[in-house]
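Coordinates as given in work_26.cif (mmCIF, C-alpha atoms):
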data_data
loop_
_atom_site.group_PDB
_atom_site.id
_atom_site.type_symbol
_atom_site.label_atom_id
_atom_site.label_comp_id
_atom_site.auth_asym_id
_atom_site.auth_seq_id
_atom_site.Cartn_x
_atom_site.Cartn_y
_atom_site.Cartn_z
ATOM 1 C CA ALA R 1 -14.572 -14.086 -10.710
ATOM 2 C CA THR R 2 -17.951 -14.776 -9.126
ATOM 3 C CA ASN R 3 -19.635 -14.312 -12.527
ATOM 4 C CA TYR R 4 -17.107 -16.273 -14.631
ATOM 5 C CA ASN R 5 -18.573 -17.329 -17.974
ATOM 6 C CA PRO R 6 -16.729 -20.289 -19.561
ATOM 7 C CA ASP R 7 -18.542 -19.654 -22.853
ATOM 8 C CA ALA R 8 -17.410 -16.018 -23.202
ATOM 9 C CA ASP R 9 -15.168 -15.239 -26.189
ATOM 10 C CA PHE R 10 -13.758 -12.011 -24.749
ATOM 11 C CA ASP R 11 -13.677 -10.112 -21.473
ATOM 12 C CA ASP R 12 -16.241 -7.305 -21.378
ATOM 13 C CA GLY R 13 -14.991 -5.844 -18.088
ATOM 14 C CA SER R 14 -17.971 -7.152 -16.114
ATOM 15 C CA CYS R 15 -16.042 -9.484 -13.780
ATOM 16 C CA THR R 16 -16.927 -9.251 -10.095
ATOM 17 C CA TYR R 17 -14.997 -10.681 -7.168
ATOM 18 C CA PRO R 18 -15.799 -11.705 -3.580
ATOM 19 C CA ASP R 19 -16.344 -8.719 -1.297
ATOM 20 C CA ALA R 20 -17.393 -9.914 2.140
ATOM 21 C CA GLY R 21 -16.814 -6.640 3.988
ATOM 22 C CA ASP R 22 -13.820 -4.900 5.506
ATOM 23 C CA TYR R 23 -10.788 -7.124 6.124
ATOM 24 C CA SER R 24 -7.000 -6.962 6.184
ATOM 25 C CA LEU R 25 -4.220 -9.551 5.971
ATOM 26 C CA SER R 26 -2.140 -10.433 9.022
ATOM 27 C CA PHE R 27 1.507 -11.423 8.443
ATOM 28 C CA ASP R 28 3.241 -13.430 11.193
ATOM 29 C CA GLY R 29 6.797 -12.149 10.604
ATOM 30 C CA GLU R 30 8.153 -15.546 9.643
ATOM 31 C CA ASP R 31 7.063 -17.026 6.328
ATOM 32 C CA ASP R 32 3.974 -15.104 5.152
ATOM 33 C CA TRP R 33 3.818 -13.192 1.883
ATOM 34 C CA VAL R 34 1.651 -12.504 -1.171
ATOM 35 C CA GLU R 35 2.782 -12.963 -4.775
ATOM 36 C CA VAL R 36 1.229 -11.469 -7.920
ATOM 37 C CA GLU R 37 2.364 -12.956 -11.212
ATOM 38 C CA GLY R 38 3.944 -10.557 -13.703
ATOM 39 C CA SER R 39 1.761 -9.175 -16.477
ATOM 40 C CA GLU R 40 2.063 -6.593 -19.257
ATOM 41 C CA ASN R 41 0.004 -3.983 -17.418
ATOM 42 C CA LEU R 42 2.407 -4.102 -14.453
ATOM 43 C CA ASP R 43 5.226 -2.812 -16.691
ATOM 44 C CA GLY R 44 5.628 0.059 -19.161
ATOM 45 C CA MET R 45 4.856 2.918 -16.773
ATOM 46 C CA GLN R 46 5.957 6.519 -17.234
ATOM 47 C CA GLN R 47 4.672 7.454 -13.771
ATOM 48 C CA ILE R 48 3.610 5.447 -10.752
ATOM 49 C CA THR R 49 1.714 5.569 -7.464
ATOM 50 C CA VAL R 50 1.595 2.965 -4.709
ATOM 51 C CA GLN R 51 -0.922 3.346 -1.876
ATOM 52 C CA LEU R 52 -1.422 1.110 1.142
ATOM 53 C CA TRP R 53 -2.474 0.927 4.766
ATOM 54 C CA VAL R 54 0.007 -0.665 7.183
ATOM 55 C CA ARG R 55 -0.010 -1.596 10.865
ATOM 56 C CA LEU R 56 3.459 -2.451 12.148
ATOM 57 C CA ALA R 57 3.984 -5.044 14.881
ATOM 58 C CA GLU R 58 7.750 -4.428 15.025
ATOM 59 C CA TYR R 59 10.454 -2.164 13.584
ATOM 60 C CA SER R 60 13.256 -3.382 11.347
ATOM 61 C CA ALA R 61 16.172 -2.891 13.738
ATOM 62 C CA ASP R 62 18.728 -5.180 12.131
ATOM 63 C CA GLN R 63 19.700 -6.710 8.801
ATOM 64 C CA ASP R 64 17.419 -9.696 9.291
ATOM 65 C CA LYS R 65 14.294 -7.587 9.727
ATOM 66 C CA GLY R 66 14.211 -5.237 6.708
ATOM 67 C CA ILE R 67 11.029 -5.971 4.767
ATOM 68 C CA ASN R 68 9.160 -5.009 1.602
ATOM 69 C CA PHE R 69 5.614 -3.789 1.943
ATOM 70 C CA ILE R 70 5.504 -4.176 -1.834
ATOM 71 C CA THR R 71 8.216 -4.795 -4.413
ATOM 72 C CA LYS R 72 8.582 -5.862 -8.028
ATOM 73 C CA SER R 73 11.846 -7.745 -7.865
ATOM 74 C CA GLU R 74 13.447 -11.129 -8.170
ATOM 75 C CA HIS R 75 16.704 -12.056 -6.407
ATOM 76 C CA PRO R 76 19.559 -11.672 -7.277
ATOM 77 C CA SER R 77 18.733 -8.941 -9.822
ATOM 78 C CA ASP R 78 18.990 -5.312 -8.683
ATOM 79 C CA ASP R 79 16.654 -4.177 -11.495
ATOM 80 C CA ILE R 80 13.721 -3.191 -9.288
ATOM 81 C CA PRO R 81 11.172 -0.831 -10.910
ATOM 82 C CA PHE R 82 9.689 0.124 -7.550
ATOM 83 C CA ASN R 83 9.557 -0.966 -3.940
ATOM 84 C CA MET R 84 8.375 0.405 -0.618
ATOM 85 C CA TYR R 85 10.363 -1.040 2.243
ATOM 86 C CA THR R 86 12.031 -0.636 5.621
ATOM 87 C CA ALA R 87 15.817 -0.879 5.684
ATOM 88 C CA GLY R 88 17.446 -3.627 7.714
ATOM 89 C CA ASP R 89 20.522 -1.635 8.688
ATOM 90 C CA GLU R 90 19.036 1.846 9.260
ATOM 91 C CA ASP R 91 15.974 3.412 10.854
ATOM 92 C CA ARG R 92 14.520 4.228 7.441
ATOM 93 C CA LEU R 93 11.338 3.665 5.434
ATOM 94 C CA THR R 94 11.811 4.224 1.699
ATOM 95 C CA PHE R 95 9.849 4.417 -1.537
ATOM 96 C CA ARG R 96 12.360 3.706 -4.314
ATOM 97 C CA VAL R 97 11.953 3.872 -8.087
ATOM 98 C CA MET R 98 14.375 2.807 -10.825
ATOM 99 C CA THR R 99 14.079 4.438 -14.252
ATOM 100 C CA THR R 100 15.850 4.335 -17.581
ATOM 101 C CA ASP R 101 17.986 7.258 -16.302
ATOM 102 C CA SER R 102 18.845 6.271 -12.734
ATOM 103 C CA SER R 103 17.249 5.350 -9.404
ATOM 104 C CA ALA R 104 16.268 7.323 -6.318
ATOM 105 C CA GLY R 105 14.468 6.835 -3.046
ATOM 106 C CA ALA R 106 12.300 9.106 -0.930
ATOM 107 C CA ASN R 107 13.676 8.294 2.525
ATOM 108 C CA PHE R 108 11.688 8.637 5.764
ATOM 109 C CA TRP R 109 14.410 8.704 8.426
ATOM 110 C CA ASN R 110 13.733 7.757 12.059
ATOM 111 C CA TYR R 111 10.390 6.289 11.086
ATOM 112 C CA SER R 112 10.299 4.242 14.311
ATOM 113 C CA GLY R 113 10.173 7.480 16.281
ATOM 114 C CA GLN R 114 7.202 8.748 14.269
ATOM 115 C CA MET R 115 5.117 5.640 13.577
ATOM 116 C CA ASN R 116 3.694 3.810 16.577
ATOM 117 C CA LEU R 117 3.489 0.046 16.674
ATOM 118 C CA ASN R 118 0.000 -1.458 16.425
ATOM 119 C CA GLN R 119 -1.472 1.666 14.836
ATOM 120 C CA TRP R 120 -2.728 2.017 11.267
ATOM 121 C CA TYR R 121 -0.966 4.440 8.881
ATOM 122 C CA HIS R 122 -1.545 5.320 5.243
ATOM 123 C CA LEU R 123 1.547 5.298 3.018
ATOM 124 C CA SER R 124 1.711 6.597 -0.557
ATOM 125 C CA GLY R 125 4.667 6.673 -2.916
ATOM 126 C CA THR R 126 4.569 8.555 -6.220
ATOM 127 C CA TYR R 127 6.852 9.196 -9.182
ATOM 128 C CA ASP R 128 5.796 11.897 -11.664
ATOM 129 C CA GLY R 129 8.812 11.964 -14.021
ATOM 130 C CA GLN R 130 10.589 14.592 -11.923
ATOM 131 C CA ASN R 131 10.350 13.538 -8.282
ATOM 132 C CA VAL R 132 9.988 10.439 -6.135
ATOM 133 C CA SER R 133 7.731 11.348 -3.204
ATOM 134 C CA LEU R 134 6.600 9.613 -0.024
ATOM 135 C CA TYR R 135 3.478 10.564 1.948
ATOM 136 C CA LEU R 136 2.454 9.544 5.463
ATOM 137 C CA ASP R 137 -1.260 9.929 6.172
ATOM 138 C CA GLY R 138 -1.532 12.242 3.166
ATOM 139 C CA ILE R 139 1.349 14.528 4.243
ATOM 140 C CA LEU R 140 4.522 14.790 2.130
ATOM 141 C CA ILE R 141 7.436 13.609 4.279
ATOM 142 C CA ALA R 142 10.259 12.868 1.797
ATOM 143 C CA GLN R 143 11.177 13.646 -1.805
ATOM 144 C CA SER R 144 14.069 13.034 -4.234
ATOM 145 C CA THR R 145 14.621 14.120 -7.831
ATOM 146 C CA LEU R 146 14.547 11.569 -10.653
ATOM 147 C CA THR R 147 13.815 11.506 -14.385
ATOM 148 C CA GLY R 148 13.176 8.828 -17.027
ATOM 149 C CA SER R 149 10.622 6.050 -17.543
ATOM 150 C CA VAL R 150 10.096 3.339 -14.935
ATOM 151 C CA ILE R 151 12.050 0.262 -16.036
ATOM 152 C CA ASP R 152 10.378 -3.013 -17.024
ATOM 153 C CA ASN R 153 11.434 -6.355 -15.570
ATOM 154 C CA ASN R 154 8.525 -8.773 -16.184
ATOM 155 C CA VAL R 155 8.777 -10.400 -12.751
ATOM 156 C CA PRO R 156 6.137 -10.896 -10.044
ATOM 157 C CA ILE R 157 5.059 -8.365 -7.450
ATOM 158 C CA SER R 158 5.347 -9.510 -3.857
ATOM 159 C CA MET R 159 4.047 -8.113 -0.573
ATOM 160 C CA GLY R 160 5.388 -8.695 2.920
ATOM 161 C CA ASN R 161 8.624 -10.498 2.081
ATOM 162 C CA THR R 162 12.131 -9.795 3.386
ATOM 163 C CA ILE R 163 14.646 -7.519 1.661
ATOM 164 C CA ASN R 164 17.389 -9.951 2.721
ATOM 165 C CA PRO R 165 17.110 -13.193 0.719
ATOM 166 C CA THR R 166 19.333 -15.033 3.234
ATOM 167 C CA SER R 167 16.883 -14.272 6.058
ATOM 168 C CA ASN R 168 13.749 -16.180 7.006
ATOM 169 C CA LYS R 169 12.254 -13.017 8.509
ATOM 170 C CA ASN R 170 9.243 -11.572 6.673
ATOM 171 C CA PHE R 171 6.863 -8.713 7.507
ATOM 172 C CA PHE R 172 5.241 -8.748 10.951
ATOM 173 C CA GLY R 173 2.012 -6.731 10.963
ATOM 174 C CA TYR R 174 -1.042 -6.006 8.808
ATOM 175 C CA LEU R 175 -1.635 -4.713 5.279
ATOM 176 C CA ASP R 176 -4.861 -3.388 3.774
ATOM 177 C CA LYS R 177 -6.256 -1.574 0.727
ATOM 178 C CA LEU R 178 -3.213 -1.620 -1.549
ATOM 179 C CA SER R 179 -3.449 -0.024 -4.995
ATOM 180 C CA LEU R 180 -1.044 0.506 -7.887
ATOM 181 C CA TRP R 181 -1.392 3.268 -10.491
ATOM 182 C CA SER R 182 0.322 4.215 -13.765
ATOM 183 C CA THR R 183 -0.145 7.884 -12.897
ATOM 184 C CA ALA R 184 1.263 10.078 -10.135
ATOM 185 C CA LEU R 185 -1.613 10.981 -7.845
ATOM 186 C CA SER R 186 -1.675 14.492 -6.413
ATOM 187 C CA GLN R 187 -1.637 15.117 -2.677
ATOM 188 C CA GLU R 188 -5.324 16.043 -2.845
ATOM 189 C CA GLU R 189 -6.155 12.756 -4.589
ATOM 190 C CA ILE R 190 -4.119 10.783 -2.048
ATOM 191 C CA GLN R 191 -5.993 12.408 0.824
ATOM 192 C CA SER R 192 -9.310 11.773 -0.904
ATOM 193 C CA TYR R 193 -8.603 8.057 -1.374
ATOM 194 C CA MET R 194 -7.688 7.758 2.297
ATOM 195 C CA THR R 195 -11.297 8.399 3.265
ATOM 196 C CA THR R 196 -12.955 7.022 0.113
ATOM 197 C CA PRO R 197 -10.917 4.112 -1.307
ATOM 198 C CA PRO R 198 -10.797 3.660 -5.094
ATOM 199 C CA VAL R 199 -13.479 1.523 -6.675
ATOM 200 C CA GLY R 200 -11.202 0.076 -9.355
ATOM 201 C CA ASN R 201 -12.388 1.828 -12.540
ATOM 202 C CA GLU R 202 -10.485 5.088 -11.976
ATOM 203 C CA GLU R 203 -8.256 6.372 -14.770
ATOM 204 C CA GLY R 204 -4.718 5.061 -14.404
ATOM 205 C CA ILE R 205 -5.400 2.381 -11.804
ATOM 206 C CA VAL R 206 -3.499 -0.814 -12.602
ATOM 207 C CA ALA R 207 -4.357 -2.949 -9.581
ATOM 208 C CA ASN R 208 -6.780 -2.473 -6.699
ATOM 209 C CA TRP R 209 -6.336 -5.048 -3.963
ATOM 210 C CA LYS R 210 -9.208 -4.325 -1.570
ATOM 211 C CA PHE R 211 -8.355 -7.164 0.872
ATOM 212 C CA ASN R 212 -12.095 -7.759 1.316
ATOM 213 C CA ALA R 213 -12.570 -11.426 0.437
ATOM 214 C CA GLY R 214 -12.264 -12.475 4.087
ATOM 215 C CA GLU R 215 -11.455 -16.090 3.200
ATOM 216 C CA GLY R 216 -9.432 -18.198 0.793
ATOM 217 C CA ASP R 217 -5.906 -17.845 -0.544
ATOM 218 C CA ILE R 218 -6.508 -15.354 -3.369
ATOM 219 C CA LEU R 219 -6.008 -11.600 -2.995
ATOM 220 C CA TYR R 220 -8.390 -10.277 -5.636
ATOM 221 C CA ASP R 221 -7.591 -7.328 -7.886
ATOM 222 C CA HIS R 222 -10.746 -5.236 -8.405
ATOM 223 C CA SER R 223 -9.297 -3.074 -11.213
ATOM 224 C CA GLY R 224 -10.459 -5.376 -14.015
ATOM 225 C CA ASN R 225 -6.840 -6.227 -14.916
ATOM 226 C CA ALA R 226 -6.895 -9.600 -13.123
ATOM 227 C CA ASN R 227 -3.670 -8.985 -11.217
ATOM 228 C CA HIS R 228 -4.736 -11.392 -8.495
ATOM 229 C CA GLY R 229 -2.300 -12.416 -5.785
ATOM 230 C CA THR R 230 -1.641 -15.775 -4.139
ATOM 231 C CA ILE R 231 -1.647 -15.593 -0.331
ATOM 232 C CA ASN R 232 1.104 -17.656 1.257
ATOM 233 C CA GLY R 233 0.518 -18.094 4.973
ATOM 234 C CA ALA R 234 -0.983 -14.675 5.739
ATOM 235 C CA THR R 235 -4.386 -14.846 7.434
ATOM 236 C CA TRP R 236 -7.532 -12.763 7.137
ATOM 237 C CA SER R 237 -8.293 -10.322 9.958
ATOM 238 C CA ASP R 238 -11.080 -7.900 10.816
ATOM 239 C CA ASP R 239 -8.511 -5.464 12.252
ATOM 240 C CA VAL R 240 -8.822 -2.615 9.738
ATOM 241 C CA PRO R 241 -8.221 1.163 9.607
ATOM 242 C CA THR R 242 -10.979 2.963 11.503
ATOM 243 C CA PRO R 243 -12.260 6.344 10.220
ATOM 244 C CA GLY R 244 -13.708 8.972 12.516
ATOM 245 C CA CYS R 245 -13.242 12.329 14.187
ATOM 246 C CA THR R 246 -9.767 12.670 15.729
ATOM 247 C CA ASP R 247 -10.232 16.136 17.255
ATOM 248 C CA SER R 248 -10.641 15.700 21.027
ATOM 249 C CA THR R 249 -12.546 19.010 21.270
ATOM 250 C CA ALA R 250 -15.306 17.809 18.931
ATOM 251 C CA THR R 251 -18.633 16.541 20.198
ATOM 252 C CA ASN R 252 -18.209 13.298 18.236
ATOM 253 C CA TYR R 253 -14.525 12.668 19.003
ATOM 254 C CA ASN R 254 -13.578 9.019 18.457
ATOM 255 C CA PRO R 255 -10.441 8.011 20.405
ATOM 256 C CA ASP R 256 -10.263 4.753 18.437
ATOM 257 C CA ALA R 257 -10.162 6.430 15.005
ATOM 258 C CA ASP R 258 -6.996 5.894 12.968
ATOM 259 C CA PHE R 259 -7.585 8.851 10.668
ATOM 260 C CA ASP R 260 -9.851 11.868 10.440
ATOM 261 C CA ASP R 261 -12.665 11.444 7.927
ATOM 262 C CA GLY R 262 -13.898 15.037 8.123
ATOM 263 C CA SER R 263 -16.936 14.157 10.216
ATOM 264 C CA CYS R 264 -16.105 16.261 13.314
ATOM 265 C CA THR R 265 -18.926 18.362 14.755
ATOM 266 C CA TYR R 266 -18.668 21.138 17.340
ATOM 267 C CA PRO R 267 -21.037 22.837 19.828
ATOM 268 C CA ASP R 268 -23.397 25.278 18.140
ATOM 269 C CA ALA R 269 -25.829 26.836 20.630
ATOM 270 C CA GLY R 270 -26.920 29.786 18.521
ATOM 271 C CA ASP R 271 -25.579 33.225 17.605
ATOM 272 C CA TYR R 272 -23.041 34.642 20.074
ATOM 273 C CA SER R 273 -19.993 36.911 20.209
ATOM 274 C CA LEU R 274 -17.090 37.399 22.622
#
Starting from the file, lay out its structure as structure tokens.
Amino acid sequence: ATNYNPDADFDDGSCTYPDAGDYSLSFDGEDDWVEVEGSENLDGMQQITVQLWVRLAEYSADQDKGINFITKSEHPSDDIPFNMYTAGDEDRLTFRVMTTDSSAGANFWNYSGQMNLNQWYHLSGTYDGQNVSLYLDGILIAQSTLTGSVIDNNVPISMGNTINPTSNKNFFGYLDKLSLWSTALSQEEIQSYMTTPPVGNEEGIVANWKFNAGEGDILYDHSGNANHGTINGATWSDDVPTPGCTDSTATNYNPDADFDDGSCTYPDAGDYSL
């Protein structure tokens, strides 16, 4: 933390971390990833939400290219509490959860036909004790039934690594603004956090990786839980999701905007009728 006090006897929640502006991490598709050491607050969840921004530079078209955007797993164990990934043998993007009852994934089929390369998208995965759900840009696109508590495994979280441990192929693209929650956010909350990212003190937030340090090899968690990540190879970038008006009929239409922030304005010349 920037205000670390070596003489403090206990943490009062006042820690602050570098925030140099709006940045993302660029992954080269070969050997870049981020690892977050396991901690007690990353286990013991009844519900869960994962939110992130992603910009793909390629699709996972074969077994060597399936990647995890985020996972809590350790090879060769199949006990994976949660992961959001692209399959290596199918055109599929999945948010999967394993509970004390079973496991299930919300599968987004033919994602390569619906997500453009080199364009930012917001992905959210939730589990509320009844359903595993996957949202693209705040819209529900896949859902599967599941019950039980999310399993514990006390292993690290990683971002951007391969789903195939025999492959040297990691994620190729960009990640930004990734958060983890011990609650299932509603669709309205998901859409709200798209335009106004969480601060880090919201109820139920477990980790809030803002990706805003802009330098160094630490991905800081701004939730107060100190779930900081170690950056391995990935580099800082100023290529980030751009908010704006996406309606081409608006007077302030922004063709470079990645998502609509509700700012659109339209001609208003007075009081008329047709």
Care to translate the PyMOL selection byres ((chain R and resi 140-147) around 6) into actual residues of this file, as a PyMOL selection string?
chain R and resi 106-108+129-135+139+148
Tell me which protein, DNA and RNA residues are within 10 Å of R:Leu185, counting all atoms listed in the file, leaving out same-chain ones fewer than 3 positions away, and put them as a list of chain:residue names.
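With the cut-off at 10 Å, the set is R:Gln47, R:Ile48, R:Thr49, R:Val50, R:Gln51, R:Ser124, R:Gly125, R:Thr126, R:Tyr127, R:Asp128, R:Trp181, R:Ser182, R:Glu188, R:Glu189, R:Ile190, R:Gln191, R:Tyr193, R:Gly204.
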Go through R:Val54, R:Leu219, R:Val150, R:Ala1 one by one, measure the shortest atom-to-atom distance of each to R:Asp258 using only C-alpha atoms, and give the residue with the smallest value.
R:Val54
Evaluating the PyMOL selection byres ((chain R and resi 3) around 10) on the displayed file yields which residues, as a count of residues only?
9
Applied to this file, what does the PyMOL selection byres ((chain R and resi 30-39) around 10) return in terms of residues, put as a PyMOL selection string?
chain R and resi 25-29+40-43+68-72+153-162+167-172+217-221+225-235
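Nearest-residue note for R:Ala20: choosing from R:Tyr272, R:Tyr266, R:Trp236, R:Tyr121, the minimum distance belongs to R:Trp236, counting all atoms listed in the file.
If you look at atom CA of R:Tyr59 and atom CA of R:Thr86, they are 8.3 Å away from each other.
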What separates atom CA of R:Cys245 and atom CA of R:Asp268 is a distance of 16.9 Å
Atom pair atom CA of R:Glu90 + atom CA of R:Gly66, distance 8.9 Å
Could you give me, as a list in words, the residues within 10 Å of R:Ala250, counting all atoms listed in the file and dropping anything in the same chain fewer than 4 positions from it?
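Counting all atoms listed in the file, the residues come to Cys245, Thr246, Asn254, Ser263, Cys264, Thr265, Tyr266 and Pro267 of chain R.
Within 6 Å of the point (-8.3, -8.1, 3.5), and counting only C-alpha atoms, the protein, DNA and RNA residues are Tyr23, Ser24, Leu25, Asp176, Phe211, Asn212, Gly214 and Trp236 of chain R.
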May I ask which of the residues R:His122, R:Arg55, R:Lys65, R:Arg96 is the closest one to R:Ser192, counting only C-alpha atoms?
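Under the stated criterion, the closest residue is R:His122.
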Which residues are near R:Asp261? Cut-off 7 Å, all atoms listed in the file, ignore same chain within fewer than 3 positions. Put them as a list in words.
Thr195, Pro243, Gly244 and Cys245 of chain R
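With distances restricted to all atoms listed in the file, R:Asp137 is the closest residue to R:Leu52 from R:Asp238, R:Asp152, R:Asp247, R:Asp137.
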Tell me which of R:Leu117, R:Met84, R:Val97, R:Leu274 sits closest to R:Tyr174, counting all atoms listed in the file.
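For R:Tyr174, the nearest of the candidates is R:Leu117.
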